[in-house]
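Quick look at upload_22.txt (compact mmCIF, C-alpha atoms):
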```
# COMPACT_ATOMS: atom_id res chain seq x y z
CA MET A 30 71.40 114.51 90.32
CA PRO A 31 73.69 112.57 92.65
CA LEU A 32 75.17 109.13 92.09
CA THR A 33 74.88 105.94 94.07
CA LEU A 34 78.08 104.50 95.53
CA HIS A 35 77.35 101.45 93.41
CA ALA A 36 77.26 103.53 90.20
CA ALA A 37 80.45 105.32 91.21
CA LEU A 38 82.43 102.12 91.65
CA ILE A 39 81.06 98.82 90.48
CA PRO A 40 80.55 99.29 86.72
CA GLY A 41 84.14 100.57 86.43
CA TRP A 42 85.42 97.52 88.30
CA GLN A 43 83.36 95.14 86.16
CA GLN A 44 84.69 96.85 83.04
CA ILE A 45 88.37 96.59 84.02
CA ILE A 46 88.24 93.19 85.74
CA GLY A 47 86.28 91.93 82.73
CA SER A 48 89.19 93.08 80.57
CA ALA A 49 91.72 91.40 82.87
CA ARG A 50 89.72 88.19 82.54
CA LYS A 51 89.99 88.37 78.74
CA LEU A 52 93.70 89.16 78.95
CA ILE A 53 94.18 85.79 80.62
CA ASP A 54 92.61 84.08 77.59
CA THR A 55 94.85 86.13 75.32
CA ALA A 56 97.86 85.10 77.40
CA ARG A 57 96.88 81.45 77.04
CA GLU A 58 96.59 81.80 73.26
CA HIS A 59 99.95 83.55 73.17
CA CYS A 60 101.58 80.62 74.98
CA ALA A 61 99.98 78.10 72.61
CA ALA A 62 100.89 80.07 69.47
CA HIS A 63 104.52 80.70 70.45
CA GLY A 64 105.32 77.55 72.41
CA ILE A 65 105.94 79.52 75.60
CA ALA A 66 105.51 77.89 79.00
CA GLU A 67 102.53 79.37 80.85
CA SER A 68 104.65 79.81 83.94
CA ASP A 69 106.74 82.31 81.98
CA LEU A 70 103.78 84.68 82.01
CA VAL A 71 102.28 83.66 85.37
CA GLU A 72 105.62 84.42 87.07
CA ALA A 73 106.51 87.49 84.99
CA ARG A 74 107.65 90.61 86.86
CA LEU A 75 108.64 94.12 85.83
CA ILE A 76 111.67 93.90 88.11
CA ALA A 77 113.05 91.17 90.34
CA ASP A 78 111.69 92.52 93.65
CA MET A 79 108.16 93.10 92.36
CA HIS A 80 105.20 90.77 92.63
CA PRO A 81 104.44 88.55 89.59
CA PHE A 82 101.49 88.52 87.20
CA SER A 83 99.65 85.93 89.32
CA TYR A 84 99.75 88.29 92.32
CA GLN A 85 98.53 91.23 90.23
CA ILE A 86 95.49 89.24 89.07
CA LYS A 87 94.76 87.91 92.54
CA SER A 88 94.91 91.49 93.87
CA CYS A 89 92.12 92.57 91.50
CA ASP A 90 89.92 90.16 93.46
CA VAL A 91 91.30 91.16 96.87
CA HIS A 92 90.60 94.88 96.32
CA SER A 93 87.12 94.46 94.82
CA ARG A 94 85.32 91.40 96.20
CA GLY A 95 87.60 91.35 99.25
CA ALA A 96 87.05 95.07 99.87
CA ILE A 97 83.26 94.69 99.81
CA GLU A 98 83.46 91.72 102.18
CA GLY A 99 85.73 93.80 104.42
CA VAL A 100 83.28 96.68 104.50
CA ARG A 101 80.46 94.30 105.42
CA GLY A 102 82.37 93.29 108.55
CA GLY A 103 83.96 96.71 109.16
CA LEU A 104 87.45 95.20 108.95
CA PHE A 105 89.87 94.80 106.05
CA VAL A 106 92.92 92.61 106.53
CA PRO A 107 95.02 91.98 103.39
CA ASP A 108 94.77 88.47 102.01
CA ARG A 109 98.25 86.93 102.21
CA SER A 110 97.35 83.61 100.63
CA GLU A 111 99.37 82.36 97.66
CA PRO A 112 98.01 83.51 94.30
CA PRO A 113 96.52 80.87 91.96
CA ALA A 114 99.45 79.36 90.06
CA THR A 115 98.05 78.69 86.58
CA LEU A 116 96.27 80.80 83.98
CA ASP A 117 93.20 78.56 84.36
CA ALA A 118 93.11 79.04 88.12
CA LEU A 119 93.60 82.80 87.72
CA ALA A 120 90.75 82.95 85.20
CA GLU A 121 88.56 81.01 87.61
CA ARG A 122 89.37 83.48 90.39
CA LEU A 123 88.31 86.43 88.26
CA ASP A 124 85.14 84.59 87.20
CA THR A 125 84.31 84.35 90.90
CA THR A 126 85.02 88.07 91.32
CA LEU A 127 82.86 89.05 88.35
CA ALA A 128 79.95 86.86 89.49
CA PHE A 129 80.19 88.41 92.96
CA LEU A 130 80.19 91.97 91.58
CA ALA A 131 77.30 91.26 89.21
CA ALA A 132 75.20 89.98 92.12
CA LEU A 133 75.73 93.03 94.36
CA ASP A 134 72.63 94.91 95.42
CA PRO A 135 73.05 98.67 94.86
CA ALA A 136 70.95 99.29 97.99
CA GLU A 137 73.47 97.35 100.05
CA LEU A 138 76.34 99.45 98.67
CA ASP A 139 74.49 102.62 99.54
CA SER A 140 73.97 101.38 103.08
CA PHE A 141 77.78 101.36 103.46
CA VAL A 142 78.06 105.16 103.23
CA GLY A 143 79.08 106.58 106.60
CA LYS A 144 80.01 103.21 108.13
CA ASP A 145 83.40 102.74 109.77
CA LEU A 146 86.12 100.58 108.32
CA VAL A 147 89.37 99.61 109.99
CA PHE A 148 92.29 98.45 107.85
CA THR A 149 94.91 96.50 109.79
CA ILE A 150 98.10 94.62 109.00
CA GLY A 151 99.32 92.66 112.01
CA SER A 152 99.18 94.45 115.37
CA LYS A 153 101.10 97.62 114.46
CA PHE A 154 99.45 98.98 111.32
CA ARG A 155 95.96 100.40 111.68
CA ARG A 156 94.13 103.01 109.58
CA GLU A 157 90.55 104.15 110.01
CA PHE A 158 88.32 105.13 107.12
CA THR A 159 84.69 105.72 106.37
CA ALA A 160 83.55 102.84 104.15
CA GLU A 161 83.02 105.09 101.12
CA ASN A 162 86.42 106.72 101.42
CA PHE A 163 88.03 103.31 101.81
CA LEU A 164 86.32 102.01 98.69
CA LEU A 165 86.89 105.14 96.59
CA GLY A 166 90.35 106.10 97.81
CA PHE A 167 92.01 102.82 98.76
CA SER A 168 90.27 99.86 97.11
CA GLN A 169 89.60 101.61 93.83
CA PRO A 170 93.14 102.83 93.08
CA ASN A 171 94.43 99.42 94.14
CA VAL A 172 92.14 97.62 91.67
CA TYR A 173 93.36 99.85 88.84
CA PHE A 174 96.96 99.57 90.01
CA HIS A 175 97.00 95.78 89.87
CA ALA A 176 94.88 95.48 86.71
CA THR A 177 97.16 97.89 84.85
CA THR A 178 100.30 96.17 86.15
CA ALA A 179 98.95 92.81 84.96
CA TYR A 180 98.39 94.36 81.53
CA ALA A 181 101.86 95.96 81.58
CA LEU A 182 103.49 92.59 82.32
CA LEU A 183 101.86 90.90 79.34
CA ARG A 184 102.67 93.89 77.16
CA MET A 185 106.30 93.76 78.23
CA LYS A 186 106.36 90.02 77.51
CA GLY A 187 105.29 90.65 73.91
CA VAL A 188 101.65 89.51 74.10
CA ALA A 189 99.79 91.30 71.27
CA ILE A 190 97.51 93.60 73.28
CA GLY A 191 96.77 97.32 73.24
CA LYS A 192 95.10 99.84 75.52
CA ALA A 193 91.70 99.03 74.02
CA ASP A 194 92.05 95.53 75.52
CA TYR A 195 92.57 97.12 78.94
CA LEU A 196 89.69 99.57 78.59
CA GLY A 197 87.24 96.81 77.68
CA ALA A 198 83.56 97.53 77.18
CA LEU A 199 83.28 101.32 77.20
CA PRO A 200 80.01 102.65 78.65
CA VAL A 201 78.83 104.25 75.42
CA LYS A 202 75.20 104.99 74.66
CA SER A 203 73.28 102.11 73.22
CA THR A 204 73.46 102.18 69.43
CA ALA A 205 70.27 100.10 69.20
CA ALA A 206 68.16 103.01 70.42
CA MET B 37 72.92 108.05 100.94
CA THR B 38 74.27 109.18 97.61
CA LEU B 39 77.47 110.75 96.36
CA SER B 40 78.15 113.71 94.16
CA LEU B 41 79.91 113.08 90.85
CA HIS B 42 82.65 115.35 92.14
CA ALA B 43 83.09 113.22 95.29
CA ALA B 44 83.18 110.07 93.17
CA LEU B 45 86.06 111.32 91.01
CA VAL B 46 88.00 114.40 91.94
CA PRO B 47 89.43 113.55 95.39
CA GLU B 48 90.82 110.31 94.04
CA TRP B 49 92.28 112.04 90.97
CA LEU B 50 94.01 114.50 93.29
CA GLN B 51 95.24 111.67 95.50
CA ILE B 52 96.86 109.74 92.66
CA LEU B 53 98.16 112.87 90.89
CA GLY B 54 99.83 113.83 94.17
CA GLY B 55 101.41 110.37 94.19
CA CYS B 56 102.64 110.83 90.60
CA ARG B 57 104.00 114.28 91.38
CA ALA B 58 106.00 112.89 94.31
CA VAL B 59 107.25 109.99 92.17
CA ILE B 60 108.71 112.50 89.66
CA ASP B 61 110.69 114.07 92.50
CA LYS B 62 111.99 110.62 93.43
CA ALA B 63 112.96 110.06 89.79
CA ALA B 64 114.92 113.34 89.82
CA ALA B 65 116.60 112.37 93.10
CA HIS B 66 117.46 108.97 91.63
CA CYS B 67 119.19 110.64 88.66
CA ALA B 68 121.08 113.01 90.96
CA GLU B 69 122.28 110.15 93.18
CA THR B 70 123.24 107.66 90.51
CA GLY B 71 124.41 110.04 87.79
CA LEU B 72 121.81 108.60 85.43
CA ASP B 73 120.86 110.91 82.57
CA GLU B 74 117.30 112.08 83.20
CA THR B 75 116.47 111.41 79.53
CA GLU B 76 116.88 107.69 80.30
CA LEU B 77 113.79 107.92 82.51
CA VAL B 78 111.82 110.49 80.51
CA GLU B 79 112.11 108.32 77.38
CA ALA B 80 111.86 104.92 79.12
CA ARG B 81 109.30 102.38 77.86
CA LEU B 82 108.08 98.98 79.04
CA ALA B 83 108.29 97.60 75.49
CA PRO B 84 109.90 99.18 72.40
CA ASP B 85 106.54 99.83 70.70
CA MET B 86 104.97 101.38 73.80
CA ARG B 87 104.86 105.06 74.67
CA PRO B 88 107.49 106.60 76.96
CA PHE B 89 107.26 107.86 80.53
CA LYS B 90 106.76 111.47 79.45
CA TYR B 91 103.66 110.49 77.44
CA GLN B 92 102.26 108.52 80.38
CA ILE B 93 102.60 111.55 82.65
CA LYS B 94 101.14 113.93 80.09
CA SER B 95 98.16 111.57 79.72
CA CYS B 96 97.40 111.95 83.43
CA THR B 97 96.56 115.58 82.64
CA VAL B 98 94.72 114.73 79.42
CA HIS B 99 92.34 112.33 81.22
CA THR B 100 91.60 114.56 84.25
CA ARG B 101 91.87 118.26 83.43
CA GLY B 102 91.31 117.53 79.73
CA ALA B 103 88.31 115.33 80.54
CA VAL B 104 86.68 118.13 82.54
CA GLU B 105 87.28 120.54 79.66
CA HIS B 106 85.67 118.00 77.31
CA ALA B 107 82.71 117.61 79.67
CA ARG B 108 82.20 121.38 79.53
CA THR B 109 81.98 121.46 75.73
CA GLY B 110 80.50 118.01 75.12
CA LEU B 111 83.24 117.32 72.58
CA ALA B 112 86.26 115.10 73.10
CA ALA B 113 89.17 114.10 70.89
CA PRO B 114 92.63 112.67 71.56
CA ASP B 115 95.33 115.18 72.49
CA PHE B 116 98.21 114.96 70.00
CA ASN B 117 100.30 117.70 71.64
CA ASN B 118 103.89 116.85 72.43
CA SER B 119 104.72 115.69 75.93
CA PRO B 120 106.94 117.87 78.14
CA GLY B 121 110.51 116.68 77.64
CA THR B 122 112.10 117.01 81.09
CA LEU B 123 111.25 115.85 84.59
CA GLY B 124 110.98 119.50 85.65
CA ALA B 125 108.50 120.32 82.88
CA LEU B 126 106.48 117.16 83.60
CA ALA B 127 106.29 118.11 87.28
CA THR B 128 105.18 121.63 86.37
CA GLN B 129 102.41 120.27 84.15
CA LEU B 130 101.13 117.98 86.92
CA GLY B 131 101.28 120.89 89.38
CA GLU B 132 99.06 122.94 87.06
CA THR B 133 96.65 120.03 86.71
CA ILE B 134 96.41 119.65 90.48
CA ALA B 135 95.73 123.40 90.85
CA PHE B 136 93.02 123.21 88.17
CA LEU B 137 91.29 120.28 89.88
CA ASN B 138 91.48 121.96 93.28
CA GLU B 139 89.58 124.94 91.87
CA LEU B 140 86.67 122.91 90.47
CA ASP B 141 83.20 123.72 91.71
CA PRO B 142 81.30 120.56 92.76
CA ALA B 143 78.07 122.21 91.61
CA GLU B 144 79.44 122.57 88.09
CA PHE B 145 80.30 118.88 88.19
CA GLU B 146 76.75 117.93 89.10
CA SER B 147 75.50 119.92 86.13
CA PHE B 148 77.43 117.54 83.83
CA ILE B 149 75.19 114.60 84.70
CA GLY B 150 72.91 113.57 81.86
CA ARG B 151 74.58 115.82 79.30
CA ASP B 152 75.84 114.41 76.00
CA LEU B 153 79.44 113.99 74.99
CA VAL B 154 80.77 112.92 71.60
CA PHE B 155 84.25 111.45 71.32
CA THR B 156 85.75 111.55 67.84
CA ILE B 157 89.16 110.92 66.33
CA PRO B 158 89.67 113.61 63.66
CA GLY B 159 90.40 112.26 60.20
CA THR B 160 88.70 108.94 60.98
CA GLU B 161 85.17 107.62 61.15
CA TYR B 162 85.55 106.91 64.85
CA ARG B 163 82.73 108.33 66.93
CA ARG B 164 81.37 107.25 70.31
CA ASP B 165 78.48 108.87 72.17
CA TYR B 166 78.39 109.00 75.95
CA ALA B 167 76.44 110.53 78.78
CA VAL B 168 79.07 112.82 80.36
CA GLU B 169 79.05 110.98 83.70
CA ASN B 170 79.67 107.65 81.95
CA PHE B 171 82.50 109.19 79.96
CA LEU B 172 84.13 110.46 83.15
CA LEU B 173 83.50 107.31 85.21
CA GLY B 174 84.09 104.71 82.49
CA PHE B 175 86.59 106.23 80.05
CA SER B 176 88.51 109.09 81.63
CA ARG B 177 88.99 107.38 84.99
CA GLN B 178 90.28 104.11 83.52
CA ASN B 179 92.58 105.95 81.15
CA PHE B 180 93.89 108.13 83.93
CA HIS B 181 94.77 105.14 86.10
CA PHE B 182 96.19 103.29 83.14
CA HIS B 183 98.72 106.03 82.43
CA ALA B 184 99.46 106.83 86.07
CA VAL B 185 100.22 103.17 86.85
CA THR B 186 102.23 102.76 83.65
CA ALA B 187 104.35 105.80 84.56
CA TYR B 188 104.96 104.24 87.97
CA ALA B 189 105.73 100.83 86.41
CA ILE B 190 108.32 102.33 84.07
CA LEU B 191 110.22 103.96 86.94
CA ARG B 192 109.92 100.81 89.03
CA MET B 193 111.35 98.76 86.17
CA LYS B 194 114.20 101.27 85.83
CA GLY B 195 115.16 100.74 89.47
CA VAL B 196 113.91 104.00 90.99
CA ASN B 197 113.34 103.35 94.70
CA ILE B 198 109.54 103.56 94.86
CA GLY B 199 106.78 101.30 96.12
CA LYS B 200 103.00 101.08 95.83
CA VAL B 201 102.53 103.45 98.76
CA ASP B 202 104.18 106.18 96.66
CA TYR B 203 101.61 105.57 93.94
CA LEU B 204 98.65 105.54 96.31
CA GLY B 205 99.50 109.02 97.66
CA ALA B 206 97.66 110.46 100.66
CA TRP B 207 94.95 108.02 101.73
CA PRO B 208 91.57 109.48 102.70
CA VAL B 209 91.76 108.25 106.29
CA LYS B 210 89.72 109.75 109.09
CA ALA B 211 91.18 112.93 110.57
```

Full structure transcribed into C-alpha cells:
Amino acid sequence: MPLTLHAALIPGWQQIIGSARKLIDTAREHCAAHGIAESDLVEARLIADMHPFSYQIKSCDVHSRGAIEGVRGGLFVPDRSEPPATLDALAERLDTTLAFLAALDPAELDSFVGKDLVFTIGSKFRREFTAENFLLGFSQPNVYFHATTAYALLRMKGVAIGKADYLGALPVKSTAA
Amino acid sequence: MTLSLHAALVPEWLQILGGCRAVIDKAAAHCAETGLDETELVEARLAPDMRPFKYQIKSCTVHTRGAVEHARTGLAAPDFNNSPGTLGALATQLGETIAFLNELDPAEFESFIGRDLVFTIPGTEYRRDYAVENFLLGFSRQNFHFHAVTAYAILRMKGVNIGKVDYLGAWPVKA
C-alpha cells in the first residue's frame, strides 16, 4: 500500500512544529521564573556567526508553509524578511503555520507530484527539482534542521527541556480503541 | 500520484547521512589543522547534562538502520550500546549504515505498512504501540534528524568550519 505525499510529510511537520510552538511557551515561563530578559533567548546563538533562535523559529515556517506556497507557484525564493523579535510574535508565527498545515487538502498535495519547482537566490543561484523531491529532500530536512537548532539553543541556555519535548505527540495507536 | 514508504524515507536518510559522514571528515581535518585533540570534539556537548557528539552520531544509525531492523521484527527498544570513541570509528559506523540502507529492497519496505510494532524500555512499564509506518515516519525520522542536527550543532559550536549546506548533503535536484 503506497502513501500519499501528504501522509509522508505533513503529520511529521505538525508534530515537530507543534513541539516548537510549545517550546516557546516553556521559554517564556523560563524567563519569568528566572528573571531572564526574553531577548536573551530570542537572540541566543550556538556561535557568534550563526543565526539566532528567532531565525530558527521563523525558518520552520519558511520551509513548511513557505515551501507549500512555493510549490503552488512553481518557484521558491528564500524569505529574507526579519524574524519576529519577541517570543509572542514567534508563537503567533507558528500558530499561523500550524493553522495553514491543518487546513491543507491531501488531494492538493498529491497533485504536486511530478510538478516542476525552481529554487532561486538572486540571479546566479538556480536549482531545479520535482515538487516532491523539493519537499522531501530540501524543505523537510530544513524544517527539522531549524526546529532542532531552536531546541538546542534553549537547551544550551539551561531551559528545562528534554528530547520528549522535541518529539511532541508521537503517532502511537489510539489507546481508547 | 502516491509515494512508496521507501521513497518517503530512505533517500532522505541517505542524503543526510552522507552530509554527516562528510562533516566527520571536516572535523578530522579541523583537528589536523588546529592541533585540537580529537577527543575534544568526540566528547563535546551543547550543555553539560546533554549527550556528546559520539552519541549523536551513533544515534543516526540507531534511528535508521536500527529502525528498519525493528520494523522487521515488530519489536523496538532503546540501544544502550556504547558509542564508537574516535572520529574514525564513527565514520566507519556511518559508512556501514549507508551501505545497509543502499541495499534495502523497496518492496520489503512496502510490506511493513500496516504491521504492528511495540516499543518498550526494558526494566520499565513503558510501552507504546505503533503501526510500523507511523513509527518510521513519526518516531524514527524525527529522532534521526534530532541527532544528526545536534551532531552538526556541536561541531558548529566548537568552531569547525561547516555550514548548513554541509548538513543538507546532496540535494535531489533534477539530473

Atom CA of Asp117 of chain A to atom CA of Lys192 of chain A, distance in Å rounded to a single decimal: 23.1 Å

For chain B against chain A, with a cut-off of 8 Å and counting only C-alpha atoms, what is the closest atom pair and its distance in Å to one decimal for every residue that makes the cut, ordered by chain and number, as a Markdown table?
```
| residue | atom | partner | partner_atom | distance |
| --- | --- | --- | --- | --- |
| B:Met37 | CA | A:Asp139 | CA | 5.8 |
| B:Thr38 | CA | A:Thr33 | CA | 4.8 |
| B:Leu39 | CA | A:Leu32 | CA | 5.1 |
| B:Ser40 | CA | A:Pro31 | CA | 4.8 |
| B:Leu41 | CA | A:Leu32 | CA | 6.3 |
| B:Ala44 | CA | A:Ala37 | CA | 5.8 |
| B:Pro47 | CA | A:Gly166 | CA | 7.9 |
| B:Glu48 | CA | A:Gly166 | CA | 5.7 |
| B:Gln51 | CA | A:Gly166 | CA | 7.8 |
| B:Ile52 | CA | A:Pro170 | CA | 7.9 |
| B:Leu82 | CA | A:Met185 | CA | 5.6 |
| B:Ala83 | CA | A:Met185 | CA | 5.1 |
| B:Glu146 | CA | A:Met30 | CA | 6.5 |
| B:Ser147 | CA | A:Met30 | CA | 8.0 |
| B:Ile149 | CA | A:Met30 | CA | 6.8 |
| B:Arg164 | CA | A:Val201 | CA | 6.4 |
| B:Asp165 | CA | A:Lys202 | CA | 5.7 |
| B:Tyr166 | CA | A:Val201 | CA | 4.8 |
| B:Ala167 | CA | A:Lys202 | CA | 7.0 |
| B:Asn170 | CA | A:Pro200 | CA | 6.0 |
| B:Phe171 | CA | A:Pro200 | CA | 7.1 |
| B:Leu173 | CA | A:Gly41 | CA | 6.9 |
| B:Gly174 | CA | A:Gly41 | CA | 5.7 |
| B:Phe175 | CA | A:Leu199 | CA | 6.6 |
| B:Gln178 | CA | A:Leu196 | CA | 6.7 |
| B:Asn179 | CA | A:Leu196 | CA | 7.5 |
| B:His181 | CA | A:Tyr173 | CA | 6.1 |
| B:Phe182 | CA | A:Thr177 | CA | 5.7 |
| B:Val185 | CA | A:Phe174 | CA | 5.8 |
| B:Thr186 | CA | A:Ala181 | CA | 7.1 |
| B:Ala189 | CA | A:Thr178 | CA | 7.2 |
| B:Arg192 | CA | A:Ile76 | CA | 7.2 |
| B:Met193 | CA | A:Ile76 | CA | 5.2 |
| B:Gly195 | CA | A:Ile76 | CA | 7.8 |
| B:Leu204 | CA | A:Pro170 | CA | 6.9 |
| B:Trp207 | CA | A:Gly166 | CA | 6.3 |
| B:Pro208 | CA | A:Asn162 | CA | 6.0 |
| B:Val209 | CA | A:Phe158 | CA | 4.7 |
| B:Lys210 | CA | A:Phe158 | CA | 5.2 |
```

Output C-alpha atoms of each residue in that selection to a file, as a JSON list (two decimals), in the coordinates of the input.
```
[["chain", "number", "residue", "atom", "x", "y", "z"],
["B", 37, "MET", "CA", 72.92, 108.05, 100.94],
["B", 38, "THR", "CA", 74.27, 109.18, 97.61],
["B", 39, "LEU", "CA", 77.47, 110.75, 96.36],
["B", 40, "SER", "CA", 78.15, 113.71, 94.16],
["B", 41, "LEU", "CA", 79.91, 113.08, 90.85],
["B", 44, "ALA", "CA", 83.18, 110.07, 93.17],
["B", 47, "PRO", "CA", 89.43, 113.55, 95.39],
["B", 48, "GLU", "CA", 90.82, 110.31, 94.04],
["B", 51, "GLN", "CA", 95.24, 111.67, 95.50],
["B", 52, "ILE", "CA", 96.86, 109.74, 92.66],
["B", 82, "LEU", "CA", 108.08, 98.98, 79.04],
["B", 83, "ALA", "CA", 108.29, 97.60, 75.49],
["B", 146, "GLU", "CA", 76.75, 117.93, 89.10],
["B", 147, "SER", "CA", 75.50, 119.92, 86.13],
["B", 149, "ILE", "CA", 75.19, 114.60, 84.70],
["B", 164, "ARG", "CA", 81.37, 107.25, 70.31],
["B", 165, "ASP", "CA", 78.48, 108.87, 72.17],
["B", 166, "TYR", "CA", 78.39, 109.00, 75.95],
["B", 167, "ALA", "CA", 76.44, 110.53, 78.78],
["B", 170, "ASN", "CA", 79.67, 107.65, 81.95],
["B", 171, "PHE", "CA", 82.50, 109.19, 79.96],
["B", 173, "LEU", "CA", 83.50, 107.31, 85.21],
["B", 174, "GLY", "CA", 84.09, 104.71, 82.49],
["B", 175, "PHE", "CA", 86.59, 106.23, 80.05],
["B", 178, "GLN", "CA", 90.28, 104.11, 83.52],
["B", 179, "ASN", "CA", 92.58, 105.95, 81.15],
["B", 181, "HIS", "CA", 94.77, 105.14, 86.10],
["B", 182, "PHE", "CA", 96.19, 103.29, 83.14],
["B", 185, "VAL", "CA", 100.22, 103.17, 86.85],
["B", 186, "THR", "CA", 102.23, 102.76, 83.65],
["B", 189, "ALA", "CA", 105.73, 100.83, 86.41],
["B", 192, "ARG", "CA", 109.92, 100.81, 89.03],
["B", 193, "MET", "CA", 111.35, 98.76, 86.17],
["B", 195, "GLY", "CA", 115.16, 100.74, 89.47],
["B", 204, "LEU", "CA", 98.65, 105.54, 96.31],
["B", 207, "TRP", "CA", 94.95, 108.02, 101.73],
["B", 208, "PRO", "CA", 91.57, 109.48, 102.70],
["B", 209, "VAL", "CA", 91.76, 108.25, 106.29],
["B", 210, "LYS", "CA", 89.72, 109.75, 109.09]]
```

Contacts of segment 128-136 of chain B at 9 Å (only C-alpha atoms; same-chain gap of 5+ positions) as a list in words: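 Listing them by chain and then by number gives Trp49, Leu50, Leu53, Gly54, Cys56, Arg57, Ile93, Lys94, Cys96, Thr97, Thr100, Arg101, Pro120 and Leu123 of chain B.
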
Point-to-point distance from atom CA of Ala187 of chain B to atom CA of Leu123 of chain A, Å rounded to tenths: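 Calculated distance between atom CA of Ala187 of chain B and atom CA of Leu123 of chain A is 25.4 Å.
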